[in-house]
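Working notes, structure below.
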Amino acid sequence: METFIHQFLNLAIAERVLPNLLTGLRMTLLLAVITVPVGLAVGLAIAALQEVRSQVLTGALIVYIDFLRAFPPLVLLIFIYYGMPFLGLELSSIQAVCAALILNTSAYYAEVFRAGIESVPKGQVEAARSTGLGMISTLRFVVLPQAIRNVLPDLMSNVLEAVKLTSLASVVTLPELLRTARIAQGNMFNTTPLVVAALLYLLMLWPFVRCITVLERRAITK
C-alpha cells in the first residue's frame, strides 16, 4: 500500500510539472533547430575553403578548428555570456548559447566534412575538371555528394552530440529542458521532474541513435 501511494504521488507530481517540462523541451528543440543547421553550414564552408590552395587561409582555418576543438564548450559559453560584455558586446542568453554551440560544433563538422572530401578519389576530381567544370561545380556535383555519403554515420553522431550540448544552456539560466527540471525539483523537493526530463531526452534522441546504428551497419557491409 505504501509503495502504491508513493508511485501515485510521483505520478501526480509528474503530471503537474509536465507542462513546464514540455516548455523547456520546446526551447531545447529551438536551440537544436538553430545551431545544428548553421553549424553544419559553417563546418561545410570551412571544409570547402580548405581545398583552396592558400597557405594563409588554410593555416587560419586549422587554428580555428584546433582552438575550438580544444576549448571546452562550457568554458566557451561562460566566456561568451559573461566575458564578452567587458569587451562591449552583450548577448542575451539564447544568443550566447547559439554562438557557443555553433562555434564549437562547426569545428567538428569541418573535420568530418574534410575527411569525407579527402575520401573521394582524386581521379574523379581531375576527370570532372577536365570536362570543364569549375572548382565550385566540381565540389557541388561530384565531390560533396560522395563525401557526405561516406561520412554520414560520423556526421549523424556529431549532430546527436550537438543536441546533447543544448543542456549547457542551463548554466546561463536559459529555461531549456534541464534547467526547467532542476527548478521543478527544487520547488518540490522531489527527483521526479529530473526523471521525466531524462525520459524526454531519451524519446528525443533514441531515434538518432538507431539511425546511426543502421548507417554504421550499412557502411560495414558495403
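Each chain of the C-alpha cells is named A, B, ... in the order shown, its residues numbered from 1; ligands are numbered from 1 in display order.
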Each residue of region 127-205 of chain A lying at most 9 Å from region 106-121 of chain A should get a row with its shortest atom-to-atom pair and the distance in Å to one decimal, counting only C-alpha atoms; could you produce that, ordered by chain and increasing number, as CSV?
residue,atom,partner,partner_atom,distance
A:Leu139,CA,A:Ile117,CA,8.7
A:Val142,CA,A:Val120,CA,9.0
A:Val143,CA,A:Ile117,CA,6.3
A:Leu144,CA,A:Ile117,CA,6.7
A:Gln146,CA,A:Val120,CA,6.7
A:Ala147,CA,A:Gly116,CA,4.1
A:Ile148,CA,A:Gly116,CA,6.2
A:Arg149,CA,A:Gly116,CA,8.0
A:Asn150,CA,A:Gly116,CA,5.9
A:Val151,CA,A:Gly116,CA,5.6
A:Leu152,CA,A:Gly116,CA,8.9
A:Asp154,CA,A:Val112,CA,7.0
A:Leu155,CA,A:Val112,CA,6.6
A:Asn158,CA,A:Tyr109,CA,7.2
A:Val159,CA,A:Tyr109,CA,8.7
Each residue of region 154-208 of chain A with at least one atom at most 10 Å from region 95-102 of chain A should appear once, together with its nearest atom pair and the corresponding distance in Å (one decimal); atoms considered: only C-alpha atoms; ordering: chain, then increasing residue number; output as CSV.
residue,atom,partner,partner_atom,distance
A:Ala162,CA,A:Leu101,CA,7.4
A:Val163,CA,A:Leu101,CA,9.5
A:Leu165,CA,A:Leu101,CA,7.4
A:Thr166,CA,A:Leu101,CA,7.7
A:Ser167,CA,A:Val97,CA,9.9
A:Leu168,CA,A:Val97,CA,8.0
A:Ala169,CA,A:Val97,CA,6.0
A:Ser170,CA,A:Val97,CA,9.6
A:Val171,CA,A:Val97,CA,9.6
A:Val172,CA,A:Val97,CA,8.1
A:Leu174,CA,A:Val97,CA,8.6
Can those selected residues be exported to a file as a CSV table (one decimal), in the first residue's frame so that it contains N, CA, C and O atoms?
chain,number,residue,atom,x,y,z
A,162,ALA,N,25.6,17.4,-30.7
A,162,ALA,CA,25.3,18.8,-30.6
A,162,ALA,C,23.9,19.0,-29.9
A,162,ALA,O,23.8,20.0,-29.2
A,163,VAL,N,23.0,18.1,-30.2
A,163,VAL,CA,21.7,18.2,-29.5
A,163,VAL,C,21.9,18.0,-28.0
A,163,VAL,O,21.3,18.7,-27.1
A,165,LEU,N,24.5,18.9,-26.3
A,165,LEU,CA,25.1,20.0,-25.7
A,165,LEU,C,24.2,21.2,-25.4
A,165,LEU,O,24.5,22.1,-24.7
A,166,THR,N,22.9,21.1,-25.9
A,166,THR,CA,22.0,22.2,-25.6
A,166,THR,C,21.7,22.2,-24.1
A,166,THR,O,21.2,23.2,-23.6
A,167,SER,N,22.0,21.1,-23.4
A,167,SER,CA,21.7,21.1,-21.9
A,167,SER,C,22.7,22.1,-21.2
A,167,SER,O,22.4,22.5,-20.1
A,168,LEU,N,23.7,22.5,-21.9
A,168,LEU,CA,24.7,23.5,-21.3
A,168,LEU,C,24.0,24.9,-21.1
A,168,LEU,O,24.4,25.7,-20.3
A,169,ALA,N,22.9,25.1,-21.8
A,169,ALA,CA,22.2,26.4,-21.7
A,169,ALA,C,21.7,26.7,-20.3
A,169,ALA,O,21.4,27.8,-19.9
A,170,SER,N,21.5,25.6,-19.5
A,170,SER,CA,21.0,25.8,-18.1
A,170,SER,C,22.0,26.6,-17.3
A,170,SER,O,21.7,27.3,-16.3
A,171,VAL,N,23.3,26.6,-17.7
A,171,VAL,CA,24.3,27.4,-17.0
A,171,VAL,C,24.1,28.9,-17.0
A,171,VAL,O,24.4,29.6,-16.1
A,172,VAL,N,23.5,29.4,-18.1
A,172,VAL,CA,23.2,30.8,-18.3
A,172,VAL,C,21.8,31.1,-18.1
A,172,VAL,O,21.2,32.0,-18.7
A,174,LEU,N,19.1,29.8,-19.2
A,174,LEU,CA,18.1,29.7,-20.3
A,174,LEU,C,17.1,28.6,-19.9
A,174,LEU,O,17.6,27.5,-19.6
Which distance in Å separates CA of Val36 (chain A) and CA of Tyr201 (chain A), to one decimal?
->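 It comes out at 16.7 Å.
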Quick one: residues within 7 Å of region 19-30 of chain A, only C-alpha atoms, excluding same-chain residues fewer than 3 positions away - as a compact mmCIF listing (two decimals) with N, CA and C atoms, in the first residue's frame?
# COMPACT_ATOMS: atom_id res chain seq x y z
N VAL A 33 17.34 23.30 -33.54
CA VAL A 33 16.95 23.70 -34.89
C VAL A 33 17.80 24.86 -35.40
N ILE A 34 18.23 25.73 -34.50
CA ILE A 34 19.07 26.87 -34.90
C ILE A 34 20.53 26.46 -35.07
N THR A 166 22.93 21.11 -25.92
CA THR A 166 21.97 22.17 -25.60
C THR A 166 21.68 22.22 -24.10
N PRO A 175 15.84 28.80 -19.95
CA PRO A 175 14.89 27.77 -19.48
C PRO A 175 14.69 26.63 -20.48
N GLU A 176 15.76 25.88 -20.73
CA GLU A 176 15.61 24.68 -21.56
C GLU A 176 15.20 23.52 -20.67
N LEU A 177 15.20 22.32 -21.21
CA LEU A 177 14.62 21.17 -20.52
C LEU A 177 15.31 20.88 -19.18
N THR A 180 14.61 23.64 -16.53
CA THR A 180 13.22 23.57 -16.09
C THR A 180 13.02 22.42 -15.10
N ALA A 181 13.66 21.29 -15.39
CA ALA A 181 13.54 20.14 -14.49
C ALA A 181 14.21 20.42 -13.15
N ALA A 197 12.38 14.46 -17.25
CA ALA A 197 13.25 15.13 -18.22
C ALA A 197 14.18 14.13 -18.90
Distance CA of Phe141 (chain A)-CA of Leu40 (chain A), one decimal place?
->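 These two atoms are separated by 18.2 Å.
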Proximity to Leu194 (chain A) - best of A:Leu57, A:Leu178, A:Val63, A:Val209, only C-alpha atoms | A:Leu178
DSSP alpha helix (DSSP H) residues within region 37-198 of chain A, listed as a VMD selection string | chain A and resid 37 to 49 55 to 70 73 to 78 93 to 119 122 to 130 135 to 138 144 to 150 152 to 165 177 to 188 192 to 198
Rank A:Ala60, A:Glu216, A:Thr192, A:Leu205 by their smallest atom-to-atom distance to Glu161 (chain A), using only C-alpha atoms, and report the top residue only.
->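 Ranked by minimum distance to Glu161 (chain A), first place goes to A:Leu205.
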